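Trainee: Input file: structure29.txt. Contents: compact mmCIF, C-alpha atoms.
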# COMPACT_ATOMS: atom_id res chain seq x y z
CA MET A 19 144.91 32.36 166.64
CA SER A 20 143.05 31.53 163.47
CA PHE A 21 141.16 28.75 165.22
CA GLN A 22 139.99 31.12 167.97
CA ARG A 23 138.97 33.76 165.35
CA GLY A 24 136.86 31.17 163.49
CA LYS A 25 135.26 30.04 166.73
CA SER A 26 134.32 33.60 167.68
CA ASP A 27 132.86 34.23 164.21
CA GLY A 28 130.77 31.07 164.45
CA SER A 29 129.42 32.08 167.88
CA LYS A 30 128.43 35.50 166.49
CA LEU A 31 126.62 33.84 163.56
CA ARG A 32 124.67 31.49 165.90
CA ALA A 33 123.76 34.42 168.12
CA SER A 34 122.40 36.39 165.13
CA LEU A 35 120.39 33.39 163.96
CA HIS A 36 119.00 32.90 167.43
CA THR A 37 117.90 36.52 167.75
CA ASP A 38 116.38 36.79 164.25
CA ALA A 39 114.55 33.45 164.27
CA THR A 40 111.52 32.37 166.19
CA PRO A 41 110.25 28.79 166.67
CA GLY A 42 108.49 27.49 163.56
CA LYS A 43 109.57 30.39 161.33
CA PHE A 44 112.43 31.08 158.98
CA PRO A 45 114.81 33.87 159.75
CA ARG A 46 113.60 37.24 158.51
CA GLU A 47 115.07 38.44 155.27
CA PRO A 48 116.32 41.98 155.07
CA GLN A 49 113.59 44.30 153.82
CA VAL A 50 114.28 46.61 150.89
CA LEU A 51 112.37 49.87 151.01
CA PRO A 52 110.88 50.96 147.64
CA SER A 53 112.64 53.90 146.19
CA ASP A 54 110.50 56.90 145.33
CA ASP A 55 111.45 57.46 141.68
CA SER A 56 108.06 58.85 140.60
CA GLY A 57 109.20 62.43 141.00
CA SER A 58 112.26 61.89 138.91
CA ASP A 59 110.21 60.12 136.23
CA ASP A 60 107.72 62.98 136.13
CA SER A 61 110.47 65.53 135.91
CA GLY A 62 112.13 63.54 133.17
CA THR A 63 108.84 63.33 131.31
CA ARG A 64 108.34 67.05 131.68
CA ARG A 65 111.84 67.72 130.46
CA GLY A 66 111.36 65.39 127.52
CA GLY A 67 108.01 66.96 126.67
CA SER A 68 109.37 70.49 126.81
CA SER A 69 112.35 69.57 124.67
CA SER A 70 110.14 67.89 122.07
CA TRP A 71 107.86 70.95 122.07
CA GLN A 72 110.87 73.20 121.51
CA GLN A 73 112.00 70.99 118.63
CA ALA A 74 108.50 71.02 117.15
CA LYS A 75 108.40 74.81 117.32
CA LEU A 76 111.77 75.05 115.61
CA LYS A 77 110.75 72.62 112.87
CA TRP A 78 107.29 74.16 112.27
CA LYS A 79 106.84 76.14 109.11
CA PRO A 80 103.74 78.01 107.94
CA PRO A 81 101.73 76.45 105.11
CA GLN A 82 103.14 77.19 101.69
CA THR A 83 100.05 79.11 100.59
CA VAL A 84 100.33 81.42 103.61
CA TRP A 85 103.91 82.49 103.06
CA ARG A 86 103.36 82.79 99.31
CA ALA A 87 100.39 85.08 99.94
CA PHE A 88 102.52 87.10 102.37
CA ALA A 89 105.30 87.36 99.77
CA THR A 90 102.75 88.48 97.17
CA LEU A 91 101.51 91.24 99.47
CA ILE A 92 105.06 92.43 100.05
CA MET A 93 105.66 92.38 96.30
CA ALA A 94 102.52 94.46 95.75
CA GLY A 95 103.86 97.06 98.17
CA GLN A 96 107.22 97.11 96.41
CA VAL A 97 105.54 97.60 93.04
CA SER A 98 103.43 100.46 94.42
CA VAL A 99 106.53 102.21 95.75
CA ARG A 100 108.32 101.83 92.44
CA VAL A 101 105.37 103.15 90.46
CA LEU A 102 104.99 106.17 92.74
CA THR A 103 108.70 106.94 92.54
CA GLY A 104 108.89 106.40 88.76
CA ARG A 105 111.25 103.42 88.92
CA VAL A 106 109.74 101.56 85.95
CA HIS A 107 111.65 99.71 83.24
CA TRP A 108 110.01 101.41 80.26
CA ARG A 109 111.27 99.07 77.56
CA ASN A 110 109.88 96.04 79.35
CA LEU A 111 106.66 97.96 80.04
CA LEU A 112 106.10 98.59 76.33
CA THR A 113 106.79 94.93 75.57
CA GLN A 114 104.30 93.77 78.17
CA LEU A 115 101.70 96.28 76.97
CA GLN A 116 101.93 94.78 73.50
CA ILE A 117 101.46 91.29 74.92
CA VAL A 118 98.60 92.18 77.24
CA GLY A 119 96.72 94.62 75.00
CA PRO A 120 96.76 93.64 71.31
CA GLY A 121 97.44 90.02 72.18
CA SER A 122 94.22 89.77 74.18
CA LEU A 123 92.06 92.03 72.04
CA GLY A 124 90.63 89.44 69.66
CA VAL A 125 89.47 86.89 72.21
CA SER A 126 88.10 89.64 74.47
CA LEU A 127 85.99 91.24 71.74
CA LEU A 128 84.70 87.88 70.52
CA THR A 129 83.65 86.91 74.03
CA ALA A 130 81.99 90.28 74.64
CA CYS A 131 80.05 89.96 71.39
CA PHE A 132 78.47 86.65 72.32
CA VAL A 133 77.88 87.64 75.93
CA GLY A 134 75.96 90.71 74.76
CA MET A 135 73.84 88.69 72.33
CA ALA A 136 73.09 86.01 74.94
CA PHE A 137 71.80 88.59 77.42
CA THR A 138 69.82 90.31 74.67
CA ILE A 139 67.92 87.09 74.02
CA GLN A 140 66.91 86.79 77.67
CA PHE A 141 66.03 90.45 78.22
CA VAL A 142 64.08 91.03 75.00
CA ARG A 143 61.95 87.90 75.45
CA GLU A 144 60.89 88.77 78.98
CA PHE A 145 60.53 92.53 78.54
CA ALA A 146 58.56 92.19 75.31
CA ARG A 147 55.97 90.03 77.12
CA LEU A 148 55.56 92.84 79.67
CA GLY A 149 55.48 95.56 77.03
CA LEU A 150 58.73 97.10 78.27
CA THR A 151 60.82 96.91 75.13
CA ARG A 152 61.72 100.60 75.50
CA SER A 153 63.74 99.76 78.63
CA VAL A 154 65.73 96.87 77.10
CA GLY A 155 68.59 99.13 76.02
CA GLY A 156 68.93 100.67 79.47
CA VAL A 157 69.00 97.30 81.22
CA LEU A 158 71.58 95.91 78.78
CA ALA A 159 73.75 99.01 79.09
CA LEU A 160 73.69 98.94 82.89
CA ALA A 161 74.42 95.20 83.05
CA LEU A 162 77.28 95.39 80.56
CA CYS A 163 78.81 98.56 81.97
CA ARG A 164 78.59 97.89 85.69
CA GLU A 165 79.29 94.17 85.88
CA LEU A 166 79.62 92.07 82.75
CA SER A 167 82.29 93.93 80.78
CA PRO A 168 84.86 94.37 83.58
CA VAL A 169 84.33 90.88 85.05
CA VAL A 170 84.32 89.00 81.73
CA THR A 171 87.40 90.87 80.51
CA ALA A 172 89.17 90.15 83.80
CA ILE A 173 88.36 86.44 83.46
CA ILE A 174 89.88 86.41 79.97
CA MET A 175 92.90 88.31 81.26
CA ALA A 176 93.43 85.87 84.12
CA GLY A 177 93.18 82.84 81.85
CA ARG A 178 95.39 84.15 79.10
CA VAL A 179 97.82 86.66 80.61
CA GLY A 180 97.88 85.62 84.28
CA SER A 181 98.70 82.02 83.48
CA SER A 182 101.43 83.18 81.08
CA PHE A 183 103.00 85.41 83.76
CA ALA A 184 102.96 82.66 86.38
CA ALA A 185 104.44 80.04 84.05
CA GLU A 186 107.13 82.37 82.69
CA LEU A 187 108.31 83.68 86.05
CA GLY A 188 108.01 80.24 87.62
CA THR A 189 110.28 78.76 84.96
CA MET A 190 112.77 81.57 85.52
CA GLN A 191 112.66 80.94 89.27
CA VAL A 192 113.27 77.18 89.16
CA SER A 193 116.00 77.60 86.53
CA GLU A 194 117.72 80.21 88.75
CA GLN A 195 117.50 82.98 86.16
CA THR A 196 116.18 85.37 88.81
CA ASP A 197 119.29 84.64 90.88
CA THR A 198 121.37 85.55 87.85
CA LEU A 199 119.60 88.91 87.71
CA ARG A 200 120.46 89.51 91.36
CA VAL A 201 124.10 88.63 90.68
CA LEU A 202 124.06 91.25 87.91
CA LYS A 203 122.71 93.75 90.49
CA THR A 204 119.27 93.89 88.85
CA ASP A 205 116.23 93.67 91.07
CA PRO A 206 113.72 91.13 89.65
CA VAL A 207 110.85 93.24 90.99
CA ASP A 208 112.05 96.22 88.95
CA TYR A 209 112.85 94.25 85.82
CA LEU A 210 110.15 91.56 85.75
CA VAL A 211 107.23 92.29 88.08
CA THR A 212 106.61 96.04 87.92
CA PRO A 213 106.28 96.25 84.09
CA ARG A 214 103.78 93.38 84.10
CA VAL A 215 101.62 94.86 86.85
CA VAL A 216 101.57 98.31 85.25
CA ALA A 217 100.81 96.83 81.83
CA CYS A 218 97.80 94.92 83.13
CA ALA A 219 96.50 97.91 85.11
CA VAL A 220 96.75 100.12 82.01
CA ALA A 221 95.58 97.69 79.31
CA LEU A 222 92.60 96.14 81.11
CA PRO A 223 90.53 99.39 81.28
CA VAL A 224 91.02 99.94 77.55
CA LEU A 225 90.02 96.36 76.78
CA THR A 226 87.01 96.68 79.07
CA LEU A 227 85.79 99.82 77.31
CA LEU A 228 86.16 98.17 73.90
CA CYS A 229 84.35 95.06 75.15
CA PHE A 230 81.49 97.19 76.41
CA THR A 231 81.20 98.90 73.03
CA VAL A 232 81.22 95.63 71.10
CA GLY A 233 78.77 94.04 73.52
CA MET A 234 76.29 96.89 73.08
CA ALA A 235 76.72 96.83 69.30
CA SER A 236 76.02 93.10 69.12
CA SER A 237 72.97 93.53 71.36
CA VAL A 238 71.58 96.30 69.14
CA PHE A 239 72.17 94.22 65.99
CA LEU A 240 70.46 91.10 67.39
CA ALA A 241 67.48 93.00 68.81
CA ASP A 242 66.90 94.82 65.53
CA ALA A 243 67.52 91.87 63.22
CA VAL A 244 65.72 89.10 65.14
CA TYR A 245 63.23 90.66 67.57
CA ASN A 246 62.25 93.75 65.52
CA VAL A 247 63.21 96.16 68.29
CA SER A 248 64.51 99.31 66.67
CA SER A 249 68.14 100.18 67.28
CA ASN A 250 67.15 103.78 67.93
CA ILE A 251 64.94 102.69 70.82
CA ILE A 252 67.72 100.63 72.40
CA LEU A 253 70.37 103.31 71.99
CA ASP A 254 68.08 106.03 73.29
CA SER A 255 67.17 103.94 76.34
CA ALA A 256 70.85 103.15 77.00
CA ALA A 257 71.81 106.83 76.75
CA ARG A 258 69.13 107.81 79.29
CA ALA A 259 70.08 105.03 81.72
CA LEU A 260 73.86 105.42 81.68
CA GLU A 261 75.65 108.12 83.63
CA ALA A 262 79.25 109.20 83.71
CA TRP A 263 79.65 107.54 87.11
CA ASP A 264 78.77 104.15 85.60
CA VAL A 265 81.57 104.38 83.05
CA LEU A 266 84.00 105.69 85.68
CA SER A 267 83.17 102.81 88.06
CA MET A 268 83.74 100.35 85.21
CA MET A 269 87.20 101.79 84.58
CA VAL A 270 88.10 101.76 88.28
CA LYS A 271 87.06 98.13 88.54
CA ALA A 272 89.18 97.28 85.50
CA VAL A 273 92.28 98.92 87.00
CA VAL A 274 91.84 97.06 90.29
CA PHE A 275 91.21 93.74 88.54
CA GLY A 276 94.28 94.17 86.36
CA GLY A 277 96.49 94.88 89.36
CA ILE A 278 95.14 91.87 91.24
CA ILE A 279 95.65 89.47 88.33
CA ALA A 280 99.19 90.63 87.57
CA ASP A 281 100.32 90.78 91.20
CA VAL A 282 98.98 87.33 92.12
CA SER A 283 100.36 85.74 88.96
CA CYS A 284 103.80 87.30 89.40
CA GLY A 285 103.85 86.53 93.12
CA TRP A 286 103.01 82.87 92.63
CA GLY A 287 105.51 82.63 89.78
CA MET A 288 108.35 84.20 91.78
CA THR A 289 107.78 81.80 94.69
CA THR A 290 107.68 78.61 92.60
CA GLN A 291 109.55 75.54 93.85
CA GLY A 292 109.87 71.97 92.68
CA GLY A 293 110.76 72.06 89.01
CA ALA A 294 108.26 71.51 86.20
CA LYS A 295 105.61 70.15 88.56
CA GLY A 296 105.89 73.25 90.72
CA VAL A 297 105.51 75.48 87.66
CA GLY A 298 102.30 73.74 86.69
CA GLU A 299 100.89 73.96 90.22
CA SER A 300 101.81 77.64 90.48
CA THR A 301 100.14 78.43 87.16
CA THR A 302 96.90 76.71 88.15
CA ALA A 303 96.87 78.26 91.61
CA ALA A 304 97.57 81.73 90.22
CA VAL A 305 94.59 81.61 87.86
CA VAL A 306 92.20 80.22 90.49
CA ILE A 307 93.24 82.66 93.21
CA SER A 308 93.12 85.59 90.78
CA LEU A 309 89.55 84.77 89.76
CA VAL A 310 88.40 84.39 93.36
CA LEU A 311 89.97 87.71 94.32
CA VAL A 312 88.43 89.39 91.27
CA PHE A 313 84.95 88.27 92.31
CA ILE A 314 85.54 89.41 95.89
CA ALA A 315 86.85 92.78 94.71
CA ASP A 316 83.88 93.15 92.35
CA PHE A 317 81.46 92.67 95.22
CA ALA A 318 83.35 95.10 97.46
CA LEU A 319 83.57 97.80 94.79
CA SER A 320 79.92 97.41 93.79
CA TRP A 321 78.95 97.71 97.44
CA CYS A 322 80.94 100.94 97.71
CA PHE A 323 79.89 102.49 94.38
CA PHE A 324 76.18 101.75 94.31
CA GLN A 325 74.57 102.52 97.65
CA GLY A 326 70.91 103.31 98.16
CA PRO A 327 68.01 103.12 95.69
CA GLY A 328 68.73 103.84 92.04
CA ASP A 329 66.67 105.57 89.36
CA ALA A 330 68.52 104.43 86.24
CA LEU A 331 65.73 102.13 85.02
CA LYS A 332 63.14 104.81 85.62
CA ALA A 333 65.16 107.13 83.40
CA ALA A 334 65.54 104.35 80.79
CA MET A 335 61.76 103.92 80.55
CA GLY A 336 61.37 107.59 79.69
Can the structure from this file be put into structure tokens for me?
Mentor:
Amino acid sequence: MSFQRGKSDGSKLRASLHTDATPGKFPREPQVLPSDDSGSDDSGTRRGGSSSWQQAKLKWKPPQTVWRAFATLIMAGQVSVRVLTGRVHWRNLLTQLQIVGPGSLGVSLLTACFVGMAFTIQFVREFARLGLTRSVGGVLALALCRELSPVVTAIIMAGRVGSSFAAELGTMQVSEQTDTLRVLKTDPVDYLVTPRVVACAVALPVLTLLCFTVGMASSVFLADAVYNVSSNIILDSAARALEAWDVLSMMVKAVVFGGIIADVSCGWGMTTQGGAKGVGESTTAAVVISLVLVFIADFALSWCFFQGPGDALKAAMG
């Protein structure tokens, strides 16, 4: 039986070779059709791309400056609410007023004195050549009142007080002292930020007014002592040129500048990360950003306050 089965298998093999082969050619090999895997590859690529995009979206974080600016804006709103509702830590406010006001008085007055004398040199030389010495006092008064006194005082405040706020709060943040306040059920915005913002907004107008007074006094002294322009002429010209609105706009600018400096400095300090290096970077960034915002706010307020042609110089010339 096995012999017959082998014989039948051999005859089947010869028959298949005979049917698949032709004279002078090898038997045909079985053909393998290519599999269409392009669709699956594309779908896999799409799935991989979508998953990587989802992972990228989950891992993406806004730039540090953006979220710090957003946190500073939120902090400014919180401070405004606390001031309007009277939730101010008065003891800390008095301490910060002493630091911001008397602590900055000397350097502010010294700077205002030399700024006033420097502008007096330029104005008196040019106006005397044109025979307009009677208008020197009015020009000096307008320049010091409207622009120089609030801006120069704000620059001093940003360099001295703003950097101090940012460094102090940044050190407290990286050393987890603010977390300790939260554990003790004390809001850092109430205890640390609000007194500093209010102190700057209150002290800067007073410093600005004193700087304006010292700047005008130094201008009068230099013009009378060096250029023989009578002090009575300068003071009379300044009195005719200045109006109550000029002094009021100076005070409004000072309040806005003080709030900007304190809020930016406290916001950058409260969002400090990275130890001592982060404290240094926050301090530098707080001063730079405060100065830029002060200049922008000065332009915006000047644009709002002084529209249309003015007649102050005409009044100063008598």
Trainee: Return the single residue from A:Gly233, A:Gly296, A:Pro206, A:Gly180 that is closest to A:Met93, with distances computed using all atoms listed in the file.
Mentor: A:Pro206
Trainee: I want to know what sits within 9 Å of A:Ile252, based on all atoms listed in the file, with residues of the same chain fewer than 5 positions away left out; could you give that as a ChimeraX atom specification?
Mentor: /A:151-156,158,237-238,241,247,257
Trainee: A:Val297, A:Leu311, A:Val106, A:Val306: which is nearest A:Val192, counting all atoms listed in the file?
Mentor: A:Val297
Trainee: How far is it from atom CA of A:Val244 to atom CA of A:Leu225, in Å with one decimal?
Mentor: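 Between these atoms lies a distance of 27.9 Å.
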Trainee: Would you mind telling me which residue in A:Trp263, A:Trp85, A:Phe132, A:Phe141 lies nearest to A:Cys229 when using all atoms listed in the file?
Mentor: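 Ranked by minimum distance to A:Cys229, first place goes to A:Phe132.
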Trainee: Could you pull out every residue with an atom within 10 Å of (93.6, 85.6, 84.0), file coordinates, counting all atoms listed in the file, and send them as a PDB file with C-alpha atoms, in the frame of the given file?
Mentor:
ATOM      1  CA  THR A 171      87.400  90.870  80.510  1.00  0.00           C
ATOM      2  CA  ALA A 172      89.170  90.150  83.800  1.00  0.00           C
ATOM      3  CA  ILE A 173      88.360  86.440  83.460  1.00  0.00           C
ATOM      4  CA  ILE A 174      89.880  86.410  79.970  1.00  0.00           C
ATOM      5  CA  MET A 175      92.900  88.310  81.260  1.00  0.00           C
ATOM      6  CA  ALA A 176      93.430  85.870  84.120  1.00  0.00           C
ATOM      7  CA  GLY A 177      93.180  82.840  81.850  1.00  0.00           C
ATOM      8  CA  ARG A 178      95.390  84.150  79.100  1.00  0.00           C
ATOM      9  CA  VAL A 179      97.820  86.660  80.610  1.00  0.00           C
ATOM     10  CA  GLY A 180      97.880  85.620  84.280  1.00  0.00           C
ATOM     11  CA  SER A 181      98.700  82.020  83.480  1.00  0.00           C
ATOM     12  CA  SER A 182     101.430  83.180  81.080  1.00  0.00           C
ATOM     13  CA  PHE A 183     103.000  85.410  83.760  1.00  0.00           C
ATOM     14  CA  PHE A 275      91.210  93.740  88.540  1.00  0.00           C
ATOM     15  CA  GLY A 276      94.280  94.170  86.360  1.00  0.00           C
ATOM     16  CA  ILE A 278      95.140  91.870  91.240  1.00  0.00           C
ATOM     17  CA  ILE A 279      95.650  89.470  88.330  1.00  0.00           C
ATOM     18  CA  ALA A 280      99.190  90.630  87.570  1.00  0.00           C
ATOM     19  CA  VAL A 282      98.980  87.330  92.120  1.00  0.00           C
ATOM     20  CA  SER A 283     100.360  85.740  88.960  1.00  0.00           C
ATOM     21  CA  ALA A 304      97.570  81.730  90.220  1.00  0.00           C
ATOM     22  CA  VAL A 305      94.590  81.610  87.860  1.00  0.00           C
ATOM     23  CA  VAL A 306      92.200  80.220  90.490  1.00  0.00           C
ATOM     24  CA  ILE A 307      93.240  82.660  93.210  1.00  0.00           C
ATOM     25  CA  SER A 308      93.120  85.590  90.780  1.00  0.00           C
ATOM     26  CA  LEU A 309      89.550  84.770  89.760  1.00  0.00           C
ATOM     27  CA  VAL A 312      88.430  89.390  91.270  1.00  0.00           C
TER      28      VAL A 312
END
Trainee: Using Å and a single decimal, report how far atom CA of A:Asp264 sits from atom CA of A:Arg164.
Mentor: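 Taking atom CA of A:Arg164 and atom CA of A:Asp264, their separation equals 6.3 Å.
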Trainee: Smallest atom-to-atom distance to A:Glu144: which of A:Thr103, A:Val97, A:Tyr245, A:Cys131, using only C-alpha atoms?
Mentor: A:Tyr245
Trainee: When distances are computed from only C-alpha atoms, which of A:Asp205, A:Glu299, A:Asp316, A:Glu165 shows the smallest separation from A:Thr226?
Mentor: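 Checking each of A:Asp205, A:Glu299, A:Asp316, A:Glu165 against A:Thr226, counting only C-alpha atoms, the winner is A:Glu165.
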Trainee: Interatomic distance between atom CA of A:Tyr209 and atom CA of A:Thr189?
Mentor: 15.7 Å
Trainee: Using only C-alpha atoms, can you tell me which of A:Lys203, A:Arg86, A:Arg100, A:Lys271 comes closest to A:Pro223?
Mentor: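 Residue with the minimum atom-to-atom distance to A:Pro223: A:Lys271.
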